[in-house]
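This is start10.tsv. It holds TSV, C-alpha atoms and all ligand atoms.
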chain	number	residue	atom	x	y	z
Q	3	MET	CA	-17.42	12.69	10.54
Q	4	THR	CA	-16.44	12.21	14.17
Q	5	THR	CA	-13.19	13.53	15.69
Q	6	ASN	CA	-11.97	9.96	16.04
Q	7	ARG	CA	-12.40	9.31	12.36
Q	8	LEU	CA	-10.74	12.56	11.43
Q	9	ALA	CA	-7.80	11.67	13.67
Q	10	LEU	CA	-7.51	8.32	11.89
Q	11	LEU	CA	-7.64	9.92	8.46
Q	12	ASP	CA	-4.91	12.31	9.62
Q	13	VAL	CA	-2.68	9.43	10.64
Q	14	LEU	CA	-3.22	7.65	7.32
Q	15	ALA	CA	-2.71	10.84	5.34
Q	16	SER	CA	0.61	11.57	7.02
Q	17	ALA	CA	2.05	8.12	6.29
Q	18	ARG	CA	3.85	7.44	3.06
Q	19	ARG	CA	2.69	3.85	2.99
Q	20	PRO	CA	-0.22	1.69	4.11
Q	21	LEU	CA	-0.21	1.21	7.87
Q	22	SER	CA	-0.94	-1.89	9.89
Q	23	MET	CA	-3.09	-1.77	12.99
Q	24	PRO	CA	-0.10	-1.72	15.43
Q	25	GLU	CA	1.47	1.10	13.41
Q	26	ILE	CA	-1.74	3.11	13.58
Q	27	LEU	CA	-1.92	2.57	17.34
Q	28	ASP	CA	1.75	3.58	17.67
Q	29	ARG	CA	1.06	6.90	16.08
Q	30	GLY	CA	-0.93	7.90	19.07
Q	31	THR	CA	-4.50	8.67	18.11
Q	32	GLY	CA	-5.27	7.90	21.73
Q	33	LEU	CA	-7.91	5.45	20.58
Q	34	ALA	CA	-8.32	1.90	21.81
Q	35	GLN	CA	-7.67	-0.85	19.30
Q	36	SER	CA	-11.35	-1.84	19.19
Q	37	SER	CA	-12.34	1.71	18.40
Q	38	VAL	CA	-9.65	2.09	15.72
Q	39	TYR	CA	-10.85	-1.12	14.16
Q	40	ARG	CA	-14.50	-0.12	14.27
Q	41	ASN	CA	-13.81	3.27	12.73
Q	42	LEU	CA	-11.64	1.79	9.98
Q	43	VAL	CA	-14.50	-0.52	9.00
Q	44	VAL	CA	-16.83	2.47	8.76
Q	45	LEU	CA	-14.30	4.46	6.73
Q	46	GLU	CA	-13.73	1.52	4.44
Q	47	GLN	CA	-17.46	1.13	3.86
Q	48	ALA	CA	-17.68	4.85	3.17
Q	49	GLY	CA	-15.09	4.39	0.43
Q	50	VAL	CA	-12.51	6.66	2.05
Q	51	VAL	CA	-10.08	4.02	3.26
Q	52	HIS	CA	-8.70	1.09	1.31
Q	53	ARG	CA	-7.67	-2.10	3.06
Q	54	LEU	CA	-5.02	-4.26	1.54
Q	55	LEU	CA	-3.50	-7.51	2.67
Q	56	SER	CA	0.24	-7.82	2.84
Q	57	ALA	CA	2.03	-11.10	2.19
Q	58	ASN	CA	1.57	-12.38	5.72
Q	59	ASP	CA	-2.15	-11.59	5.60
Q	60	PHE	CA	-1.87	-8.59	7.89
Q	61	ALA	CA	-4.36	-5.96	6.94
Q	62	ARG	CA	-2.97	-2.53	6.13
Q	63	TYR	CA	-4.89	0.65	5.60
Q	64	GLU	CA	-4.41	3.68	3.41
Q	65	LEU	CA	-6.54	6.47	2.01
Q	66	VAL	CA	-8.24	5.65	-1.29
Q	67	GLU	CA	-6.54	6.95	-4.41
Q	68	ASP	CA	-9.26	9.54	-4.99
Q	69	LEU	CA	-7.84	11.30	-1.94
Q	70	THR	CA	-4.18	10.67	-2.66
Q	71	GLU	CA	-2.38	9.82	-5.86
Q	72	HIS	CA	-2.28	6.79	-8.06
Q	73	HIS	CA	0.46	4.46	-6.88
Q	74	HIS	CA	1.45	0.85	-6.53
Q	75	HIS	CA	2.89	-1.18	-3.67
Q	76	LEU	CA	6.06	-3.08	-3.04
Q	77	ILE	CA	5.11	-5.95	-0.76
Q	78	CYS	CA	7.87	-7.89	1.00
Q	79	GLU	CA	6.89	-11.54	1.36
Q	80	SER	CA	9.53	-12.10	4.01
Q	81	CYS	CA	8.92	-9.38	6.60
Q	82	GLY	CA	5.53	-8.20	5.35
Q	83	SER	CA	6.52	-4.57	4.90
Q	84	VAL	CA	4.60	-2.55	2.32
Q	85	GLU	CA	5.90	0.55	0.58
Q	86	ASP	CA	4.21	2.93	-1.79
Q	87	PHE	CA	5.70	2.77	-5.23
Q	88	GLU	CA	5.14	5.23	-8.04
Q	89	VAL	CA	6.04	4.24	-11.56
Q	90	PRO	CA	6.99	6.76	-14.23
Q	91	ALA	CA	3.91	8.27	-15.89
Q	92	ARG	CA	4.87	6.85	-19.27
Q	93	LEU	CA	5.09	3.32	-17.92
Q	94	ASP	CA	1.80	3.72	-16.08
Q	95	ARG	CA	0.12	4.94	-19.26
Q	96	SER	CA	1.26	1.92	-21.21
Q	97	VAL	CA	0.21	-0.43	-18.40
Q	98	ARG	CA	-3.17	1.27	-18.39
Q	99	SER	CA	-3.68	1.00	-22.13
Q	100	ALA	CA	-2.62	-2.66	-22.20
Q	101	LEU	CA	-5.05	-3.42	-19.40
Q	102	HIS	CA	-7.78	-1.45	-21.15
Q	103	ASP	CA	-7.35	-3.47	-24.34
Q	104	GLU	CA	-7.36	-6.82	-22.59
Q	105	ALA	CA	-10.30	-5.91	-20.38
Q	106	ALA	CA	-12.28	-4.46	-23.31
Q	107	ARG	CA	-12.03	-7.81	-25.09
Q	108	ARG	CA	-13.91	-9.24	-22.14
Q	109	GLY	CA	-16.46	-6.44	-22.26
Q	110	PHE	CA	-15.04	-4.89	-19.13
Q	111	THR	CA	-14.77	-1.16	-18.64
Q	112	VAL	CA	-11.67	-0.22	-16.67
Q	113	ARG	CA	-11.90	2.55	-14.12
Q	114	SER	CA	-8.58	2.09	-12.40
Q	115	HIS	CA	-6.03	-0.58	-11.67
Q	116	ARG	CA	-4.18	-1.92	-8.69
Q	117	LEU	CA	-0.82	-3.44	-9.23
Q	118	ASP	CA	1.20	-4.67	-6.31
Q	119	VAL	CA	4.70	-6.00	-6.68
Q	120	VAL	CA	5.61	-8.92	-4.42
Q	121	GLY	CA	9.17	-9.85	-3.49
Q	122	LEU	CA	11.90	-9.06	-0.99
Q	123	CYS	CA	12.51	-5.60	0.42
Q	124	ARG	CA	16.04	-4.18	0.46
Q	125	ARG	CA	16.68	-5.31	4.02
Q	126	CYS	CA	15.45	-8.86	3.42
Q	127	SER	CA	17.33	-9.18	0.10
Q	128	ASN	CA	20.53	-8.09	1.77
Q	129	ALA	CA	19.97	-10.57	4.57
Q	130	SER	CA	19.40	-13.48	2.21
Q	131	ARG	CA	22.20	-12.65	-0.19
Q	132	PRO	CA	25.73	-13.68	0.75
Q	133	ARG	CA	27.84	-10.58	1.42
Q	134	PRO	CA	30.18	-9.86	-1.48
Q	135	ARG	CA	33.74	-10.43	-0.32
Q	136	SER	CA	35.53	-7.17	-0.03
Q	137	VAL	CA	38.34	-6.86	-2.48
Q	138	GLY	CA	41.44	-5.90	-0.60
Q	139	ARG	CA	43.05	-2.74	-1.79
Q	140	SER	CA	46.74	-2.83	-1.05
L	201	ZN	ZN	11.32	-7.37	4.14
L	202	ZN	ZN	-0.59	2.41	-12.25
Write out the structure in this file as structure tokens.
Amino acid sequence: MTTNRLALLDVLASARRPLSMPEILDRGTGLAQSSVYRNLVVLEQAGVVHRLLSANDFARYELVEDLTEHHHHLICESCGSVEDFEVPARLDRSVRSALHDEAARRGFTVRSHRLDVVGLCRRCSNASRPRPRSVGRS
């Protein structure tokens, strides 16, 4: 593992959500974009980093769940932001068992699942929703 790769893993580990390339560069690893990109490809191939596409097809990177915790994503289809999203353990268990049953019927053995929720983030929902008229209190 080179220092550059360790620095990248550090940046990803300290974020609470998957980061896009500009966000990674902003966090000052001191690496050039080409070198960040090259190292991310290596880390992805090594199974340490997971790449996901947000709604606008921007790649975002995070550490694989083996190194973090099981979670889901809230993906905004308007601004492309991605947030980590943990569901209550009970809900996740029932999702998992439903998926297991369905997959088993197709002879598929489930190891994990990825479930991303697509919609509008708080900021974009507020922007698209007409402001409620304030009720005057006299
Ligand atoms: Zn948004
Ligand atoms: Zn889950």
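Nearest to Leu21 in chain Q of all the residues Q:Gln47, Q:Thr4, Q:Ser56, Q:Ser36 is Q:Ser56, counting all atoms listed in the file.
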Original post:
CA of Leu10 in chain Q and CA of Tyr63 in chain Q, how far apart in Å?
Top reply: 10.3 Å
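Counting all atoms listed in the file and comparing Q:Arg29, Q:His115, Q:His52, Q:Arg62, the residue that lies closest to ligand ZN 202 (chain L) is Q:His115.
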Subject >> Answer as a list in words, residues within 12 Å of (-17.8, 5.1, -0.9) using all atoms listed in the file >> reply: Val43, Val44, Leu45, Glu46, Gln47, Ala48, Gly49, Val50, Val51, His52, Leu65, Val66, Glu67, Asp68 and Leu69 of chain Q
Deliver the residues from the most recent selection as a file, using C-alpha atoms, as a PDB file, in the coordinates of the input.
ATOM      1  CA  VAL Q  43     -14.500  -0.520   9.000  1.00  0.00           C
ATOM      2  CA  VAL Q  44     -16.830   2.470   8.760  1.00  0.00           C
ATOM      3  CA  LEU Q  45     -14.300   4.460   6.730  1.00  0.00           C
ATOM      4  CA  GLU Q  46     -13.730   1.520   4.440  1.00  0.00           C
ATOM      5  CA  GLN Q  47     -17.460   1.130   3.860  1.00  0.00           C
ATOM      6  CA  ALA Q  48     -17.680   4.850   3.170  1.00  0.00           C
ATOM      7  CA  GLY Q  49     -15.090   4.390   0.430  1.00  0.00           C
ATOM      8  CA  VAL Q  50     -12.510   6.660   2.050  1.00  0.00           C
ATOM      9  CA  VAL Q  51     -10.080   4.020   3.260  1.00  0.00           C
ATOM     10  CA  HIS Q  52      -8.700   1.090   1.310  1.00  0.00           C
ATOM     11  CA  LEU Q  65      -6.540   6.470   2.010  1.00  0.00           C
ATOM     12  CA  VAL Q  66      -8.240   5.650  -1.290  1.00  0.00           C
ATOM     13  CA  GLU Q  67      -6.540   6.950  -4.410  1.00  0.00           C
ATOM     14  CA  ASP Q  68      -9.260   9.540  -4.990  1.00  0.00           C
ATOM     15  CA  LEU Q  69      -7.840  11.300  -1.940  1.00  0.00           C
TER      16      LEU Q  69
END
Hey, which bits of chain Q sit within 10 Å of ligand ZN 201 (chain L), and for each residue what's the closest pair of atoms and how far apart in Å (one decimal), counting all atoms listed in the file, rows by chain and increasing number, as JSON lines?
{"residue": "Q:Leu76", "atom": "CA", "partner": "L:ZN201", "partner_atom": "ZN", "distance": 9.9}
{"residue": "Q:Ile77", "atom": "CA", "partner": "L:ZN201", "partner_atom": "ZN", "distance": 8.0}
{"residue": "Q:Cys78", "atom": "CA", "partner": "L:ZN201", "partner_atom": "ZN", "distance": 4.7}
{"residue": "Q:Glu79", "atom": "CA", "partner": "L:ZN201", "partner_atom": "ZN", "distance": 6.7}
{"residue": "Q:Ser80", "atom": "CA", "partner": "L:ZN201", "partner_atom": "ZN", "distance": 5.1}
{"residue": "Q:Cys81", "atom": "CA", "partner": "L:ZN201", "partner_atom": "ZN", "distance": 4.0}
{"residue": "Q:Gly82", "atom": "CA", "partner": "L:ZN201", "partner_atom": "ZN", "distance": 6.0}
{"residue": "Q:Ser83", "atom": "CA", "partner": "L:ZN201", "partner_atom": "ZN", "distance": 5.6}
{"residue": "Q:Val84", "atom": "CA", "partner": "L:ZN201", "partner_atom": "ZN", "distance": 8.5}
{"residue": "Q:Gly121", "atom": "CA", "partner": "L:ZN201", "partner_atom": "ZN", "distance": 8.3}
{"residue": "Q:Leu122", "atom": "CA", "partner": "L:ZN201", "partner_atom": "ZN", "distance": 5.4}
{"residue": "Q:Cys123", "atom": "CA", "partner": "L:ZN201", "partner_atom": "ZN", "distance": 4.3}
{"residue": "Q:Arg124", "atom": "CA", "partner": "L:ZN201", "partner_atom": "ZN", "distance": 6.8}
{"residue": "Q:Arg125", "atom": "CA", "partner": "L:ZN201", "partner_atom": "ZN", "distance": 5.7}
{"residue": "Q:Cys126", "atom": "CA", "partner": "L:ZN201", "partner_atom": "ZN", "distance": 4.4}
{"residue": "Q:Ser127", "atom": "CA", "partner": "L:ZN201", "partner_atom": "ZN", "distance": 7.5}
{"residue": "Q:Asn128", "atom": "CA", "partner": "L:ZN201", "partner_atom": "ZN", "distance": 9.5}
{"residue": "Q:Ala129", "atom": "CA", "partner": "L:ZN201", "partner_atom": "ZN", "distance": 9.2}
Subject >> Within 12 Å of ligand ZN 202 (chain L), counting all atoms listed in the file, residues as a ChimeraX atom specification >> reply: /Q:67,71-75,86-101,113-119
Selection export as a JSON list (two decimals), in the frame of the given file, atoms kept: C-alpha atoms:
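Output file part_25.json follows:
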[["chain", "number", "residue", "atom", "x", "y", "z"],
["Q", 67, "GLU", "CA", -6.54, 6.95, -4.41],
["Q", 71, "GLU", "CA", -2.38, 9.82, -5.86],
["Q", 72, "HIS", "CA", -2.28, 6.79, -8.06],
["Q", 73, "HIS", "CA", 0.46, 4.46, -6.88],
["Q", 74, "HIS", "CA", 1.45, 0.85, -6.53],
["Q", 75, "HIS", "CA", 2.89, -1.18, -3.67],
["Q", 86, "ASP", "CA", 4.21, 2.93, -1.79],
["Q", 87, "PHE", "CA", 5.70, 2.77, -5.23],
["Q", 88, "GLU", "CA", 5.14, 5.23, -8.04],
["Q", 89, "VAL", "CA", 6.04, 4.24, -11.56],
["Q", 90, "PRO", "CA", 6.99, 6.76, -14.23],
["Q", 91, "ALA", "CA", 3.91, 8.27, -15.89],
["Q", 92, "ARG", "CA", 4.87, 6.85, -19.27],
["Q", 93, "LEU", "CA", 5.09, 3.32, -17.92],
["Q", 94, "ASP", "CA", 1.80, 3.72, -16.08],
["Q", 95, "ARG", "CA", 0.12, 4.94, -19.26],
["Q", 96, "SER", "CA", 1.26, 1.92, -21.21],
["Q", 97, "VAL", "CA", 0.21, -0.43, -18.40],
["Q", 98, "ARG", "CA", -3.17, 1.27, -18.39],
["Q", 99, "SER", "CA", -3.68, 1.00, -22.13],
["Q", 100, "ALA", "CA", -2.62, -2.66, -22.20],
["Q", 101, "LEU", "CA", -5.05, -3.42, -19.40],
["Q", 113, "ARG", "CA", -11.90, 2.55, -14.12],
["Q", 114, "SER", "CA", -8.58, 2.09, -12.40],
["Q", 115, "HIS", "CA", -6.03, -0.58, -11.67],
["Q", 116, "ARG", "CA", -4.18, -1.92, -8.69],
["Q", 117, "LEU", "CA", -0.82, -3.44, -9.23],
["Q", 118, "ASP", "CA", 1.20, -4.67, -6.31],
["Q", 119, "VAL", "CA", 4.70, -6.00, -6.68]]
**OP:** Find the residues around Thr111 in chain Q up to 8 Å (only C-alpha atoms counted), leave out those fewer than 3 positions away in its own chain, and share them as a ChimeraX atom specification.
**Re:** /Q:102,105-106
